[in-house]
Amino acid sequence: MTQANQTFERLAEPFRRELRLHCYRMLGSLHEAEDLVQETYLRAWRNFASFEGRAPLRAWLYRIATHACLDAIASRKRAPRLLPDQQVPATDQMPDGKPPAEASWIEPYPDAYLEGIADDAPSPDARYSSREAVQLAFVAVIQQLPPRQRAALLLCDVLGWSTLEAATLLGGTTASVNSARQRARETLSRRYPDGRPPVAATSNPEQHALLARYVRAWEERDLDGFVALLKEEAVYTMPPLLQWYAGRDNIHRFFDWAWKNYLDFRLVPTAANRQPAFALYSRRSADAAWDAHSLHLLALEQDAISSLTLFVKPAAPDLFKAFGLPLALTDTDRTA
């Protein structure tokens, strides 16, 4: 390795985690974010000799990453990554198990990738804390923004950059960046009338008890106990399937239908998007293996579950690998 390569790696590597998170917010995809952060470092390495330090290295890397993401979005042949409840009305019909061929979906983001990144807003100019801005619903709703609006919102309202800094990075005037931010905020206000997404309290004993009841309800196949943990107006989605369900009654009917296909469930705790999460393993007979079934993300409001997202097959195996989870469990594995 040359001296220049060693210097680049030493200076640039500390920013990799936050750049990957920035790419994830821009794209809504863990796997695309991995690819784009690699592309960012390749572009930066190729141009490092011409980097003259007129801007901080961090800002230079964010400029490359943001434009790499904008290029990737422009070249997409599919619609933006969203959640099912952003695309079609809720249903009370059972799904046919066939994901739409042309759809692509938001992916969850492992909390392990967030280690070493500040939890709070980096400056008084940031509108959203990093905890708010990594929630699955927030990442989903900003995918509905035009790409430059999304970039302006993330740079200024999440990262706390000044309008001038964002305009320099994106290319354009401060007036155009302010206009993009205003339009982006108007879109978000339709999802968040209070101006910001709700964030569940951390280390809350009542919520820990709620999650323990959630695990117990699944593993004991206690359907009524599971549904009782939901808010009356709870929402259940299951990418990559398009169907989704609103309200306790419809969710109860779905799981009453779905659980009949399985003998047992086992849940393993994990964490994603700063939200409670579980890996679900299932088996259909007593002598069958416990296979990776779905990754569960829960949104909590006070003492109940307000939304439940299950990332199911065929997406589940790739996500289990990304989260460092095994694809199968044995009877001796513990759920912790």
# chains A, B, ... in the order shown; residues from 1 in each chain; ligands from 1

$ select_by_dssp --residues "stretch 201-234 of chain A" --states "strand (DSSP E or B)" --output "PyMOL selection string"
chain A and resi 230-234

$ write_last_selection --atoms "N, CA and C atoms" --output "PDB file, in the first residue's frame"
ATOM      1  N   LEU A 230     -51.743  -4.557  20.845  1.00  0.00           N
ATOM      2  CA  LEU A 230     -51.805  -3.570  19.769  1.00  0.00           C
ATOM      3  C   LEU A 230     -52.730  -2.417  20.136  1.00  0.00           C
ATOM      4  N   LYS A 231     -52.393  -1.229  19.636  1.00  0.00           N
ATOM      5  CA  LYS A 231     -53.343  -0.128  19.711  1.00  0.00           C
ATOM      6  C   LYS A 231     -54.547  -0.453  18.838  1.00  0.00           C
ATOM      7  N   GLU A 232     -55.692   0.113  19.171  1.00  0.00           N
ATOM      8  CA  GLU A 232     -56.909  -0.169  18.414  1.00  0.00           C
ATOM      9  C   GLU A 232     -56.722   0.128  16.932  1.00  0.00           C
ATOM     10  N   GLU A 233     -55.967   1.206  16.619  1.00  0.00           N
ATOM     11  CA  GLU A 233     -55.771   1.616  15.229  1.00  0.00           C
ATOM     12  C   GLU A 233     -54.410   1.160  14.682  1.00  0.00           C
ATOM     13  N   ALA A 234     -53.827   0.132  15.249  1.00  0.00           N
ATOM     14  CA  ALA A 234     -52.506  -0.344  14.831  1.00  0.00           C
ATOM     15  C   ALA A 234     -52.482  -0.714  13.353  1.00  0.00           C
TER      16      ALA A 234
END

$ residues_around --residues "A:Glu102" --least-positions-apart "6" --cutoff "12 Å" --atoms "only C-alpha atoms" --output "VMD selection string"
chain A and resid 76 to 81 240 to 242

$ atom_distance --atom1 "atom CA of A:Ala90" --atom2 "atom CA of A:Tyr245"
5.2 Å

$ atom_distance --atom1 "atom CA of A:Leu11" --atom2 "atom CA of A:Leu170"
23.0 Å

$ atom_distance --atom1 "atom CA of A:Ile142" --atom2 "atom CA of A:His208"
29.4 Å

$ closest_residue --among "A:Asn204, A:Gln93, A:Gln302, A:Ser282" --to "A:Trp259" --atoms "only C-alpha atoms"
A:Ser282

$ closest_residue --among "A:Arg266, A:Arg283, A:Arg196, A:Arg63" --to "A:Cys23" --atoms "only C-alpha atoms"
A:Arg63

$ residues_around --residues "A:Ala12" --least-positions-apart "3" --cutoff "9 Å" --atoms "only C-alpha atoms" --output "MDAnalysis selection string"
chainID A and resid 7:9 15:16 41 44 57:58 61

$ write_last_selection --atoms "all heavy atoms" --output "CSV table (one decimal), in the first residue's frame"
chain,number,residue,atom,x,y,z
A,7,THR,N,-2.6,7.2,3.8
A,7,THR,CA,-3.1,8.5,4.3
A,7,THR,C,-4.6,8.6,4.0
A,7,THR,O,-5.3,9.1,4.9
A,7,THR,CB,-2.3,9.7,3.6
A,7,THR,OG1,-0.9,9.6,3.9
A,7,THR,CG2,-2.9,11.0,4.1
A,8,PHE,N,-5.0,8.3,2.8
A,8,PHE,CA,-6.4,8.3,2.5
A,8,PHE,C,-7.2,7.4,3.5
A,8,PHE,O,-8.2,7.9,4.0
A,8,PHE,CB,-6.7,7.9,1.1
A,8,PHE,CG,-8.2,7.8,0.7
A,8,PHE,CD1,-8.9,8.9,0.5
A,8,PHE,CD2,-8.7,6.5,0.7
A,8,PHE,CE1,-10.3,8.7,0.3
A,8,PHE,CE2,-10.1,6.4,0.4
A,8,PHE,CZ,-10.9,7.5,0.2
A,9,GLU,N,-6.8,6.2,3.7
A,9,GLU,CA,-7.5,5.3,4.5
A,9,GLU,C,-7.6,5.8,6.0
A,9,GLU,O,-8.6,5.7,6.6
A,9,GLU,CB,-6.9,3.9,4.5
A,9,GLU,CG,-7.6,2.9,5.3
A,9,GLU,CD,-7.0,1.5,5.1
A,9,GLU,OE1,-6.4,1.2,4.1
A,9,GLU,OE2,-7.2,0.7,6.1
A,15,PHE,N,-15.2,8.1,8.8
A,15,PHE,CA,-16.5,8.6,8.4
A,15,PHE,C,-17.4,7.6,7.8
A,15,PHE,O,-18.5,7.9,7.4
A,15,PHE,CB,-16.3,9.8,7.5
A,15,PHE,CG,-15.5,10.9,8.0
A,15,PHE,CD1,-14.2,11.1,7.6
A,15,PHE,CD2,-16.0,11.7,9.0
A,15,PHE,CE1,-13.4,12.2,8.2
A,15,PHE,CE2,-15.3,12.8,9.6
A,15,PHE,CZ,-14.0,13.0,9.1
A,16,ARG,N,-16.9,6.3,7.7
A,16,ARG,CA,-17.6,5.3,6.9
A,16,ARG,C,-19.0,5.0,7.5
A,16,ARG,O,-20.0,4.9,6.7
A,16,ARG,CB,-16.8,4.0,6.8
A,16,ARG,CG,-17.5,2.9,6.0
A,16,ARG,CD,-16.7,1.7,5.9
A,16,ARG,NE,-15.4,1.9,5.1
A,16,ARG,CZ,-15.3,1.7,3.8
A,16,ARG,NH1,-16.4,1.3,3.1
A,16,ARG,NH2,-14.2,1.9,3.2
A,41,TYR,N,-16.3,5.8,-1.5
A,41,TYR,CA,-14.8,5.7,-1.2
A,41,TYR,C,-14.0,5.4,-2.4
A,41,TYR,O,-12.8,5.9,-2.5
A,41,TYR,CB,-14.6,4.6,-0.1
A,41,TYR,CG,-14.8,5.1,1.3
A,41,TYR,CD1,-16.1,5.4,1.8
A,41,TYR,CD2,-13.7,5.4,2.1
A,41,TYR,CE1,-16.3,5.9,3.0
A,41,TYR,CE2,-13.9,6.0,3.3
A,41,TYR,CZ,-15.2,6.2,3.8
A,41,TYR,OH,-15.3,6.7,5.0
A,44,ALA,N,-13.7,8.9,-4.0
A,44,ALA,CA,-12.9,9.7,-3.2
A,44,ALA,C,-11.4,9.3,-3.3
A,44,ALA,O,-10.5,10.2,-3.5
A,44,ALA,CB,-13.3,9.6,-1.7
A,57,LEU,N,-12.5,17.4,5.1
A,57,LEU,CA,-12.6,16.2,4.4
A,57,LEU,C,-14.0,15.6,4.6
A,57,LEU,O,-14.6,15.0,3.7
A,57,LEU,CB,-11.6,15.2,5.0
A,57,LEU,CG,-11.6,13.8,4.4
A,57,LEU,CD1,-11.2,13.8,2.9
A,57,LEU,CD2,-10.6,12.9,5.2
A,58,ARG,N,-14.6,15.7,5.8
A,58,ARG,CA,-16.0,15.2,6.0
A,58,ARG,C,-17.0,15.8,5.0
A,58,ARG,O,-17.8,15.0,4.4
A,58,ARG,CB,-16.4,15.5,7.4
A,58,ARG,CG,-17.8,15.0,7.8
A,58,ARG,CD,-18.1,15.2,9.3
A,58,ARG,NE,-19.4,14.7,9.7
A,58,ARG,CZ,-20.5,15.5,9.8
A,58,ARG,NH1,-20.4,16.8,9.5
A,58,ARG,NH2,-21.6,15.0,10.2
A,61,LEU,N,-16.4,14.3,1.5
A,61,LEU,CA,-16.9,12.9,1.4
A,61,LEU,C,-18.5,12.9,1.3
A,61,LEU,O,-19.0,12.1,0.6
A,61,LEU,CB,-16.5,12.1,2.6
A,61,LEU,CG,-15.0,11.8,2.6
A,61,LEU,CD1,-14.6,11.1,4.0
A,61,LEU,CD2,-14.6,10.9,1.5

$ select_by_dssp --residues "stretch 3-188 of chain A" --states "alpha helix (DSSP H)" --output "ChimeraX atom specification"
/A:3-12,16-27,30-47,57-75,136-142,147-153,163-170,174-188

$ residues_around --residues "stretch 103-109 of chain A" --least-positions-apart "3" --cutoff "6 Å" --atoms "only C-alpha atoms" --output "CSV table (one decimal) with N, CA, C and O atoms, in the first residue's frame"
chain,number,residue,atom,x,y,z
A,28,GLY,N,-33.2,4.4,1.3
A,28,GLY,CA,-34.1,3.5,1.9
A,28,GLY,C,-33.7,2.0,1.8
A,28,GLY,O,-34.6,1.2,2.1
A,29,SER,N,-32.5,1.7,1.5
A,29,SER,CA,-32.1,0.3,1.3
A,29,SER,C,-30.7,0.1,2.0
A,29,SER,O,-29.8,0.8,1.7
A,30,LEU,N,-30.7,-0.9,2.9
A,30,LEU,CA,-29.4,-1.3,3.5
A,30,LEU,C,-28.4,-1.8,2.5
A,30,LEU,O,-27.2,-1.4,2.5
A,81,ARG,N,-38.4,3.2,-3.0
A,81,ARG,CA,-38.7,2.3,-2.0
A,81,ARG,C,-39.6,2.9,-0.9
A,81,ARG,O,-39.3,3.9,-0.4
A,82,LEU,N,-40.7,2.2,-0.7
A,82,LEU,CA,-41.7,2.6,0.2
A,82,LEU,C,-42.2,1.4,1.1
A,82,LEU,O,-41.6,0.4,1.0
A,100,PRO,N,-45.4,-8.3,-5.6
A,100,PRO,CA,-45.4,-7.7,-6.9
A,100,PRO,C,-44.1,-7.7,-7.5
A,100,PRO,O,-43.1,-7.4,-6.9
A,272,ALA,N,-33.2,-2.6,15.3
A,272,ALA,CA,-33.1,-2.0,14.0
A,272,ALA,C,-33.8,-0.6,14.1
A,272,ALA,O,-34.8,-0.4,14.7
A,273,ASN,N,-33.2,0.3,13.4
A,273,ASN,CA,-33.8,1.7,13.2
A,273,ASN,C,-34.1,2.3,14.6
A,273,ASN,O,-35.1,3.0,14.7

$ closest_residue --among "A:Ala126, A:Asn261, A:Gln275, A:Tyr236" --to "A:Asp249" --atoms "only C-alpha atoms"
A:Tyr236

$ closest_residue --among "A:Leu164, A:Leu114, A:Leu308, A:Leu70" --to "A:Thr237" --atoms "only C-alpha atoms"
A:Leu308

$ residues_around --residues "A:Ala55" --least-positions-apart "4" --cutoff "12 Å" --atoms "only C-alpha atoms" --output "list in words"
Phe51, Ala59, Trp60, Leu61, Tyr62, Arg63, Glu165, Thr168 and Leu169 of chain A

$ residues_around --residues "stretch 180-188 of chain A" --least-positions-apart "4" --cutoff "8 Å" --atoms "only C-alpha atoms" --output "PDB file with all heavy atoms, in the first residue's frame"
ATOM      1  N   VAL A 141     -41.101   7.795   4.686  1.00  0.00           N
ATOM      2  CA  VAL A 141     -41.829   8.971   4.203  1.00  0.00           C
ATOM      3  C   VAL A 141     -40.909   9.896   3.414  1.00  0.00           C
ATOM      4  O   VAL A 141     -41.346  10.524   2.444  1.00  0.00           O
ATOM      5  CB  VAL A 141     -42.528   9.709   5.360  1.00  0.00           C
ATOM      6  CG1 VAL A 141     -41.562  10.490   6.216  1.00  0.00           C
ATOM      7  CG2 VAL A 141     -43.634  10.633   4.834  1.00  0.00           C
ATOM      8  N   ILE A 142     -39.620   9.971   3.765  1.00  0.00           N
ATOM      9  CA  ILE A 142     -38.758  10.867   2.991  1.00  0.00           C
ATOM     10  C   ILE A 142     -38.422  10.294   1.621  1.00  0.00           C
ATOM     11  O   ILE A 142     -37.960  11.037   0.739  1.00  0.00           O
ATOM     12  CB  ILE A 142     -37.467  11.261   3.748  1.00  0.00           C
ATOM     13  CG1 ILE A 142     -36.556  10.055   3.977  1.00  0.00           C
ATOM     14  CG2 ILE A 142     -37.805  11.977   5.047  1.00  0.00           C
ATOM     15  CD1 ILE A 142     -35.218  10.440   4.586  1.00  0.00           C
ATOM     16  N   LEU A 145     -40.128  12.095  -1.168  1.00  0.00           N
ATOM     17  CA  LEU A 145     -39.654  13.413  -1.587  1.00  0.00           C
ATOM     18  C   LEU A 145     -38.846  13.302  -2.878  1.00  0.00           C
ATOM     19  O   LEU A 145     -38.137  12.313  -3.086  1.00  0.00           O
ATOM     20  CB  LEU A 145     -38.765  14.028  -0.507  1.00  0.00           C
ATOM     21  CG  LEU A 145     -39.377  14.238   0.882  1.00  0.00           C
ATOM     22  CD1 LEU A 145     -38.302  14.700   1.861  1.00  0.00           C
ATOM     23  CD2 LEU A 145     -40.512  15.250   0.812  1.00  0.00           C
ATOM     24  N   ARG A 148     -33.638  15.865  -4.672  1.00  0.00           N
ATOM     25  CA  ARG A 148     -32.926  17.037  -4.152  1.00  0.00           C
ATOM     26  C   ARG A 148     -33.599  17.571  -2.887  1.00  0.00           C
ATOM     27  O   ARG A 148     -32.922  18.072  -1.991  1.00  0.00           O
ATOM     28  CB  ARG A 148     -32.827  18.126  -5.225  1.00  0.00           C
ATOM     29  CG  ARG A 148     -31.776  17.814  -6.291  1.00  0.00           C
ATOM     30  CD  ARG A 148     -31.674  18.926  -7.313  1.00  0.00           C
ATOM     31  NE  ARG A 148     -31.169  20.162  -6.745  1.00  0.00           N
ATOM     32  CZ  ARG A 148     -29.884  20.461  -6.613  1.00  0.00           C
ATOM     33  NH1 ARG A 148     -28.960  19.592  -6.987  1.00  0.00           N
ATOM     34  NH2 ARG A 148     -29.505  21.617  -6.112  1.00  0.00           N
ATOM     35  N   GLN A 149     -34.919  17.481  -2.804  1.00  0.00           N
ATOM     36  CA  GLN A 149     -35.585  17.852  -1.557  1.00  0.00           C
ATOM     37  C   GLN A 149     -35.130  16.939  -0.426  1.00  0.00           C
ATOM     38  O   GLN A 149     -34.889  17.390   0.709  1.00  0.00           O
ATOM     39  CB  GLN A 149     -37.103  17.758  -1.714  1.00  0.00           C
ATOM     40  CG  GLN A 149     -37.739  18.867  -2.526  1.00  0.00           C
ATOM     41  CD  GLN A 149     -39.253  18.773  -2.504  1.00  0.00           C
ATOM     42  OE1 GLN A 149     -39.843  18.333  -1.523  1.00  0.00           O
ATOM     43  NE2 GLN A 149     -39.885  19.201  -3.585  1.00  0.00           N
ATOM     44  N   ARG A 150     -35.039  15.658  -0.718  1.00  0.00           N
ATOM     45  CA  ARG A 150     -34.592  14.687   0.279  1.00  0.00           C
ATOM     46  C   ARG A 150     -33.182  15.022   0.748  1.00  0.00           C
ATOM     47  O   ARG A 150     -32.894  15.027   1.957  1.00  0.00           O
ATOM     48  CB  ARG A 150     -34.633  13.292  -0.332  1.00  0.00           C
ATOM     49  CG  ARG A 150     -34.523  12.141   0.651  1.00  0.00           C
ATOM     50  CD  ARG A 150     -34.518  10.803  -0.092  1.00  0.00           C
ATOM     51  NE  ARG A 150     -35.493  10.776  -1.178  1.00  0.00           N
ATOM     52  CZ  ARG A 150     -35.516   9.878  -2.149  1.00  0.00           C
ATOM     53  NH1 ARG A 150     -34.597   8.922  -2.176  1.00  0.00           N
ATOM     54  NH2 ARG A 150     -36.437   9.902  -3.094  1.00  0.00           N
ATOM     55  N   ALA A 152     -31.593  17.943   0.588  1.00  0.00           N
ATOM     56  CA  ALA A 152     -31.577  19.208   1.320  1.00  0.00           C
ATOM     57  C   ALA A 152     -32.097  19.019   2.738  1.00  0.00           C
ATOM     58  O   ALA A 152     -31.546  19.555   3.710  1.00  0.00           O
ATOM     59  CB  ALA A 152     -32.403  20.255   0.579  1.00  0.00           C
ATOM     60  N   LEU A 153     -33.174  18.245   2.888  1.00  0.00           N
ATOM     61  CA  LEU A 153     -33.735  17.992   4.212  1.00  0.00           C
ATOM     62  C   LEU A 153     -32.735  17.247   5.084  1.00  0.00           C
ATOM     63  O   LEU A 153     -32.526  17.592   6.258  1.00  0.00           O
ATOM     64  CB  LEU A 153     -35.015  17.183   4.084  1.00  0.00           C
ATOM     65  CG  LEU A 153     -35.702  16.875   5.419  1.00  0.00           C
ATOM     66  CD1 LEU A 153     -36.712  17.967   5.756  1.00  0.00           C
ATOM     67  CD2 LEU A 153     -36.386  15.522   5.400  1.00  0.00           C
ATOM     68  N   SER A 176     -32.710  28.311  -3.407  1.00  0.00           N
ATOM     69  CA  SER A 176     -33.240  27.052  -3.926  1.00  0.00           C
ATOM     70  C   SER A 176     -33.218  25.968  -2.854  1.00  0.00           C
ATOM     71  O   SER A 176     -34.130  25.133  -2.771  1.00  0.00           O
ATOM     72  CB  SER A 176     -32.449  26.602  -5.155  1.00  0.00           C
ATOM     73  OG  SER A 176     -31.121  26.242  -4.817  1.00  0.00           O
ATOM     74  N   TYR A 192     -46.673  13.850   9.893  1.00  0.00           N
ATOM     75  CA  TYR A 192     -46.402  14.198  11.292  1.00  0.00           C
ATOM     76  C   TYR A 192     -46.983  15.583  11.593  1.00  0.00           C
ATOM     77  O   TYR A 192     -46.270  16.587  11.526  1.00  0.00           O
ATOM     78  CB  TYR A 192     -44.897  14.195  11.561  1.00  0.00           C
ATOM     79  CG  TYR A 192     -44.222  12.878  11.256  1.00  0.00           C
ATOM     80  CD1 TYR A 192     -43.240  12.792  10.265  1.00  0.00           C
ATOM     81  CD2 TYR A 192     -44.573  11.723  11.942  1.00  0.00           C
ATOM     82  CE1 TYR A 192     -42.615  11.585   9.985  1.00  0.00           C
ATOM     83  CE2 TYR A 192     -43.964  10.513  11.669  1.00  0.00           C
ATOM     84  CZ  TYR A 192     -42.978  10.447  10.687  1.00  0.00           C
ATOM     85  OH  TYR A 192     -42.374   9.250  10.409  1.00  0.00           O
ATOM     86  N   GLY A 195     -45.201  17.986  13.763  1.00  0.00           N
ATOM     87  CA  GLY A 195     -43.925  18.529  13.316  1.00  0.00           C
ATOM     88  C   GLY A 195     -42.757  17.583  13.412  1.00  0.00           C
ATOM     89  O   GLY A 195     -41.697  17.838  12.859  1.00  0.00           O
TER      90      GLY A 195
END

$ closest_residue --among "A:Gln143, A:Gln87, A:Ser189, A:Ser294" --to "A:Leu327" --atoms "only C-alpha atoms"
A:Ser294

$ residues_around --residues "stretch 214-218 of chain A" --least-positions-apart "2" --cutoff "10 Å" --atoms "only C-alpha atoms" --output "compact mmCIF listing (two decimals) with N, CA and C atoms, in the first residue's frame"
# COMPACT_ATOMS: atom_id res chain seq x y z
N HIS A 208 -40.43 -2.62 28.34
CA HIS A 208 -39.73 -3.90 28.42
C HIS A 208 -40.71 -5.02 28.72
N ALA A 209 -41.65 -4.76 29.62
CA ALA A 209 -42.66 -5.77 29.95
C ALA A 209 -43.55 -6.04 28.74
N LEU A 210 -43.89 -5.00 27.99
CA LEU A 210 -44.70 -5.17 26.78
C LEU A 210 -43.99 -6.08 25.78
N LEU A 211 -42.69 -5.87 25.59
CA LEU A 211 -41.95 -6.69 24.64
C LEU A 211 -41.85 -8.14 25.11
N ALA A 212 -41.72 -8.33 26.42
CA ALA A 212 -41.69 -9.69 26.95
C ALA A 212 -43.02 -10.38 26.69
N GLU A 220 -46.13 -18.86 22.61
CA GLU A 220 -47.22 -19.68 23.15
C GLU A 220 -48.42 -19.72 22.21
N ARG A 221 -48.27 -19.07 21.06
CA ARG A 221 -49.34 -19.00 20.06
C ARG A 221 -50.64 -18.48 20.68
N ASP A 222 -50.49 -17.45 21.46
CA ASP A 222 -51.62 -16.82 22.14
C ASP A 222 -52.09 -15.64 21.29
N LEU A 223 -52.96 -15.90 20.35
CA LEU A 223 -53.37 -14.88 19.40
C LEU A 223 -54.09 -13.73 20.11
N ASP A 224 -55.00 -14.03 21.00
CA ASP A 224 -55.71 -12.96 21.70
C ASP A 224 -54.75 -12.12 22.53
N GLY A 225 -53.78 -12.78 23.16
CA GLY A 225 -52.80 -12.05 23.95
C GLY A 225 -51.93 -11.15 23.08
N PHE A 226 -51.58 -11.64 21.90
CA PHE A 226 -50.80 -10.83 20.95
C PHE A 226 -51.59 -9.60 20.50
N VAL A 227 -52.81 -9.80 20.07
CA VAL A 227 -53.61 -8.69 19.55
C VAL A 227 -53.92 -7.68 20.65
N ALA A 228 -54.02 -8.13 21.88
CA ALA A 228 -54.29 -7.21 22.99
C ALA A 228 -53.15 -6.22 23.21
N LEU A 229 -51.96 -6.52 22.70
CA LEU A 229 -50.82 -5.62 22.84
C LEU A 229 -50.85 -4.47 21.83
N LEU A 230 -51.74 -4.56 20.84
CA LEU A 230 -51.81 -3.57 19.77
C LEU A 230 -52.73 -2.42 20.14
N TRP A 259 -51.23 -18.21 11.26
CA TRP A 259 -50.61 -19.08 12.25
C TRP A 259 -50.97 -20.54 12.06
N ASP A 264 -44.76 -24.06 15.51
CA ASP A 264 -44.11 -23.31 16.59
C ASP A 264 -43.40 -22.08 16.05
N PHE A 265 -43.21 -21.12 16.95
CA PHE A 265 -42.41 -19.93 16.67
C PHE A 265 -41.37 -19.75 17.77
N ARG A 266 -40.28 -19.14 17.40
CA ARG A 266 -39.26 -18.76 18.37
C ARG A 266 -38.73 -17.39 17.97
N LEU A 267 -38.63 -16.49 18.94
CA LEU A 267 -38.17 -15.13 18.67
C LEU A 267 -36.81 -14.88 19.32
N VAL A 268 -35.96 -14.20 18.58
CA VAL A 268 -34.63 -13.82 19.06
C VAL A 268 -34.55 -12.29 19.02
N PRO A 269 -34.24 -11.64 20.13
CA PRO A 269 -34.18 -10.17 20.12
C PRO A 269 -33.06 -9.64 19.24
N PHE A 278 -37.22 -8.14 16.45
CA PHE A 278 -37.03 -9.56 16.74
C PHE A 278 -36.85 -10.31 15.43
N LEU A 280 -37.76 -13.80 13.84
CA LEU A 280 -38.70 -14.89 14.06
C LEU A 280 -38.25 -16.12 13.29
N ILE A 305 -48.42 -1.33 21.01
CA ILE A 305 -47.73 -1.37 19.72
C ILE A 305 -48.59 -0.62 18.71
N THR A 335 -33.24 -18.26 23.17
CA THR A 335 -33.74 -17.00 22.63
C THR A 335 -33.22 -15.80 23.38

$ closest_residue --among "A:Met238, A:Ala49, A:Ala140, A:Cys69" --to "A:Glu32" --atoms "only C-alpha atoms"
A:Cys69
